[in-house]
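Engineer: This one is final.csv, CSV, C-alpha atoms and all ligand atoms.
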```csv
chain,number,residue,atom,x,y,z
A,453,MET,CA,26.8,-20.5,10.7
A,454,SER,CA,24.1,-18.0,11.4
A,455,THR,CA,22.9,-15.3,9.0
A,456,PRO,CA,21.8,-11.9,10.1
A,457,THR,CA,18.1,-11.6,11.0
A,458,MET,CA,16.2,-10.1,8.2
A,459,ILE,CA,12.6,-9.1,7.9
A,460,GLN,CA,11.4,-11.1,5.0
A,461,SER,CA,7.7,-11.7,5.3
A,462,GLY,CA,5.4,-9.3,3.5
A,463,ARG,CA,3.3,-9.0,6.7
A,464,ASP,CA,6.1,-7.6,8.7
A,465,GLU,CA,7.1,-5.2,6.0
A,466,ALA,CA,3.5,-4.0,5.8
A,467,ALA,CA,3.5,-3.4,9.6
A,468,LEU,CA,6.7,-1.4,9.4
A,469,HIS,CA,5.1,0.7,6.6
A,470,GLU,CA,2.1,1.5,8.7
A,471,LEU,CA,4.2,2.1,11.8
A,472,SER,CA,6.4,4.8,10.2
A,473,ILE,CA,3.3,6.5,8.6
A,474,THR,CA,1.3,6.3,11.8
A,475,GLN,CA,4.3,7.6,13.8
A,476,SER,CA,4.4,10.7,11.7
A,477,VAL,CA,0.7,11.2,12.0
A,478,VAL,CA,0.9,11.0,15.8
A,479,ASP,CA,3.9,13.3,15.8
A,480,ALA,CA,2.0,15.9,13.8
A,481,VAL,CA,-1.1,15.5,16.1
A,482,CYS,CA,0.9,15.9,19.3
A,483,GLU,CA,2.7,19.0,17.9
A,484,ARG,CA,-0.6,20.6,17.0
A,485,ALA,CA,-2.2,19.6,20.3
A,486,ALA,CA,0.4,21.8,22.1
A,487,GLY,CA,0.1,20.1,25.4
A,488,ARG,CA,-3.7,19.6,25.3
A,489,THR,CA,-5.2,16.1,25.5
A,490,VAL,CA,-6.1,14.6,22.2
A,491,HIS,CA,-9.5,12.7,22.3
A,492,SER,CA,-9.8,11.6,18.7
A,493,VAL,CA,-8.0,11.8,15.4
A,494,LYS,CA,-9.6,11.5,11.9
A,495,VAL,CA,-7.4,10.5,9.0
A,496,GLU,CA,-8.1,10.0,5.4
A,497,VAL,CA,-6.3,7.0,3.9
A,498,GLY,CA,-6.4,6.4,0.1
A,499,ALA,CA,-6.5,2.8,-1.1
A,500,LEU,CA,-3.3,3.3,-3.1
A,501,THR,CA,-1.2,4.2,0.0
A,502,ALA,CA,-0.8,0.5,0.8
A,503,VAL,CA,-1.9,1.3,4.3
A,504,VAL,CA,-4.0,-1.4,5.9
A,505,PRO,CA,-6.5,0.4,8.3
A,506,GLU,CA,-6.4,-2.4,10.9
A,507,ALA,CA,-2.6,-2.3,11.0
A,508,MET,CA,-2.7,1.4,11.2
A,509,ARG,CA,-5.1,1.2,14.1
A,510,PHE,CA,-2.8,-1.2,15.9
A,511,CYS,CA,0.3,1.0,15.3
A,512,PHE,CA,-1.7,4.1,16.4
A,513,ASP,CA,-2.3,2.5,19.8
A,514,LEU,CA,1.4,1.8,20.2
A,515,ALA,CA,2.5,5.2,18.9
A,516,VAL,CA,0.3,7.3,21.2
A,517,GLU,CA,1.5,5.6,24.3
A,518,GLY,CA,3.0,8.1,26.7
A,519,THR,CA,1.9,11.1,24.5
A,520,VAL,CA,-0.9,13.6,24.9
A,521,ALA,CA,-2.9,11.4,22.4
A,522,GLN,CA,-2.8,8.3,24.6
A,523,GLY,CA,-6.2,6.6,24.5
A,524,ALA,CA,-7.4,8.7,21.6
A,525,ARG,CA,-9.8,7.2,19.1
A,526,LEU,CA,-8.6,6.8,15.6
A,527,ASP,CA,-11.2,7.3,12.8
A,528,ILE,CA,-10.1,6.2,9.4
A,529,VAL,CA,-11.8,7.4,6.3
A,530,ALA,CA,-11.0,5.1,3.5
A,531,ARG,CA,-10.8,6.5,0.0
A,532,PRO,CA,-11.0,4.2,-3.0
A,533,GLY,CA,-8.4,4.3,-5.7
A,534,VAL,CA,-9.6,6.0,-8.9
A,535,ALA,CA,-7.8,6.6,-12.1
A,536,HIS,CA,-8.7,8.1,-15.5
A,537,CYS,CA,-7.9,6.3,-18.7
A,538,GLY,CA,-6.7,8.6,-21.4
A,539,ASP,CA,-7.5,6.0,-24.2
A,540,CYS,CA,-11.1,5.2,-23.6
A,541,ASP,CA,-11.8,8.3,-21.5
A,542,THR,CA,-13.4,6.5,-18.5
A,543,ASP,CA,-12.8,6.5,-14.8
A,544,ILE,CA,-11.7,3.2,-13.3
A,545,VAL,CA,-11.6,2.0,-9.7
A,546,LEU,CA,-8.3,0.6,-8.7
A,547,ASP,CA,-8.1,-2.1,-6.0
A,548,ASP,CA,-4.3,-2.2,-6.0
A,549,LEU,CA,-1.3,-0.5,-7.6
A,550,ILE,CA,-1.7,-2.1,-11.0
A,551,LEU,CA,-2.4,0.8,-13.3
A,552,LEU,CA,-4.1,-0.8,-16.2
A,553,CYS,CA,-7.4,-0.1,-17.7
A,554,ALA,CA,-9.9,-2.8,-18.7
A,555,CYS,CA,-9.4,-1.7,-22.3
A,556,GLY,CA,-5.8,-2.7,-22.0
A,557,SER,CA,-4.3,0.7,-21.9
A,558,ALA,CA,-1.6,1.8,-19.5
A,559,ASP,CA,-2.3,5.4,-20.2
A,560,VAL,CA,-4.0,5.9,-16.8
A,561,ARG,CA,-3.7,8.8,-14.4
A,562,VAL,CA,-4.5,8.4,-10.7
A,563,THR,CA,-7.1,10.9,-9.6
A,564,SER,CA,-7.8,9.6,-6.1
A,565,GLY,CA,-6.5,7.1,-3.6
A,566,ARG,CA,-3.1,8.5,-2.7
A,567,GLU,CA,-4.4,10.7,0.1
A,568,LEU,CA,-3.0,10.3,3.5
A,569,ARG,CA,-3.8,13.3,5.7
A,570,ILE,CA,-5.2,14.3,9.0
A,571,LEU,CA,-8.8,15.6,8.5
A,572,SER,CA,-9.5,16.7,12.0
A,573,MET,CA,-8.6,16.1,15.7
A,574,GLU,CA,-10.5,16.6,18.9
A,575,VAL,CA,-8.6,18.2,21.7
A,576,GLY,CA,-9.3,19.7,25.1
B,601,ZN,ZN,-9.2,2.5,-21.0
```
Do you think you could lay out the structure here as structure tokens?
Structural biologist:
Amino acid sequence: MSTPTMIQSGRDEAALHELSITQSVVDAVCERAAGRTVHSVKVEVGALTAVVPEAMRFCFDLAVEGTVAQGARLDIVARPGVAHCGDCDTDIVLDDLILLCACGSADVRVTSGRELRILSMEVG
């Protein structure tokens, strides 16, 4: 008896995450290019978006195929995750999504790292 194929590995899920995000970036870029050729795209990616730059680069090459952005260079500007602790009043750098200060407090507010936007694009 066979069970339906399911994506279970974390790696595949991550790739799907980047693929859908990258696809919307490419859609936006192509729309703005309005028929012109896109040479490069610069995106800002926060550490807390769970987007792996290398995976995004790979997905970008797939997503631009057959569009005006085909062959375009993708520049990724990585932003670290930063949060502010309300208890000890310090800024902490976040490497992952665990929002806990070294002082043990969970009263932390993310101030940077959730960015995911197109900074610029080169067309013509
Ligand atoms: Zn603290």
Engineer: Using all atoms listed in the file, which of the listed residues (A:Thr474, A:His491, A:Thr501, A:Cys511) sits closest to A:Asp547?
Structural biologist: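 Comparing A:Thr474, A:His491, A:Thr501, A:Cys511 against A:Asp547, the winner is A:Thr501.
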Engineer: Check which residues of chain A sit at most 12 Å from ligand ZN 601 (chain B) using all atoms listed in the file, and return one row each with the closest pair of atoms and their distance in Å to one decimal, ordered by chain and rising number, as JSON lines.
Structural biologist:
```
{"residue": "A:Ala535", "atom": "CA", "partner": "B:ZN601", "partner_atom": "ZN", "distance": 9.9}
{"residue": "A:His536", "atom": "CA", "partner": "B:ZN601", "partner_atom": "ZN", "distance": 7.9}
{"residue": "A:Cys537", "atom": "CA", "partner": "B:ZN601", "partner_atom": "ZN", "distance": 4.6}
{"residue": "A:Gly538", "atom": "CA", "partner": "B:ZN601", "partner_atom": "ZN", "distance": 6.6}
{"residue": "A:Asp539", "atom": "CA", "partner": "B:ZN601", "partner_atom": "ZN", "distance": 5.0}
{"residue": "A:Cys540", "atom": "CA", "partner": "B:ZN601", "partner_atom": "ZN", "distance": 4.2}
{"residue": "A:Asp541", "atom": "CA", "partner": "B:ZN601", "partner_atom": "ZN", "distance": 6.4}
{"residue": "A:Thr542", "atom": "CA", "partner": "B:ZN601", "partner_atom": "ZN", "distance": 6.3}
{"residue": "A:Asp543", "atom": "CA", "partner": "B:ZN601", "partner_atom": "ZN", "distance": 8.2}
{"residue": "A:Ile544", "atom": "CA", "partner": "B:ZN601", "partner_atom": "ZN", "distance": 8.1}
{"residue": "A:Val545", "atom": "CA", "partner": "B:ZN601", "partner_atom": "ZN", "distance": 11.6}
{"residue": "A:Leu551", "atom": "CA", "partner": "B:ZN601", "partner_atom": "ZN", "distance": 10.4}
{"residue": "A:Leu552", "atom": "CA", "partner": "B:ZN601", "partner_atom": "ZN", "distance": 7.7}
{"residue": "A:Cys553", "atom": "CA", "partner": "B:ZN601", "partner_atom": "ZN", "distance": 4.6}
{"residue": "A:Ala554", "atom": "CA", "partner": "B:ZN601", "partner_atom": "ZN", "distance": 5.8}
{"residue": "A:Cys555", "atom": "CA", "partner": "B:ZN601", "partner_atom": "ZN", "distance": 4.4}
{"residue": "A:Gly556", "atom": "CA", "partner": "B:ZN601", "partner_atom": "ZN", "distance": 6.3}
{"residue": "A:Ser557", "atom": "CA", "partner": "B:ZN601", "partner_atom": "ZN", "distance": 5.3}
{"residue": "A:Ala558", "atom": "CA", "partner": "B:ZN601", "partner_atom": "ZN", "distance": 7.8}
{"residue": "A:Asp559", "atom": "CA", "partner": "B:ZN601", "partner_atom": "ZN", "distance": 7.5}
{"residue": "A:Val560", "atom": "CA", "partner": "B:ZN601", "partner_atom": "ZN", "distance": 7.5}
{"residue": "A:Arg561", "atom": "CA", "partner": "B:ZN601", "partner_atom": "ZN", "distance": 10.7}
```
Engineer: Work out how far atom CA of A:Ala521 is from atom CA of A:Glu506, in Å to one decimal.
Structural biologist: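 Interatomic distance here is 18.3 Å.
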Engineer: When you look at A:Val497 with a cut-off of 12 Å (counting all atoms listed in the file), what residues show up, excluding the ones that are within fewer than 6 positions of it in the same chain? I need them as a PyMOL selection string.
Structural biologist: chain A and resi 470+473-474+477+503-506+508-509+526-533+564-571
Engineer: Which residue out of A:Thr519, A:Leu500, A:Leu546, A:Glu574 has the minimum interatomic distance to A:Cys482 when all atoms listed in the file are used?
Structural biologist: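 Of the candidates, the smallest distance to A:Cys482 is held by A:Thr519.
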Engineer: Give me, please, the distance in Å between atom CA of A:Val534 and atom CA of A:Ala480, quoted to one decimal.
Structural biologist: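 For atom CA of A:Val534 relative to atom CA of A:Ala480, the distance reads 27.3 Å.
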Engineer: Separation of atom CA of A:Ala502 and atom CA of A:Val516, in Å?
Structural biologist: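 Atom CA of A:Val516 lies 21.5 Å from atom CA of A:Ala502.
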Engineer: Calculated over all atoms listed in the file, which of the candidates A:Val478, A:Ala507, A:Ile550, A:Leu468 has the smallest distance to A:Val495?
Structural biologist: A:Val478
Engineer: Go through A:Leu471, A:Thr489, A:Val562, A:Ser572 and flag the residue nearest A:Gly518, using all atoms listed in the file for the distances.
Structural biologist: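 With all atoms listed in the file as the atom set, the closest residue is A:Thr489.
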Engineer: Taking all atoms listed in the file into account, name the residue in A:Asp513, A:Met573, A:Val481, A:Leu549 that is nearest to A:Lys494.
Structural biologist: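 Closest to A:Lys494, using all atoms listed in the file: A:Met573.
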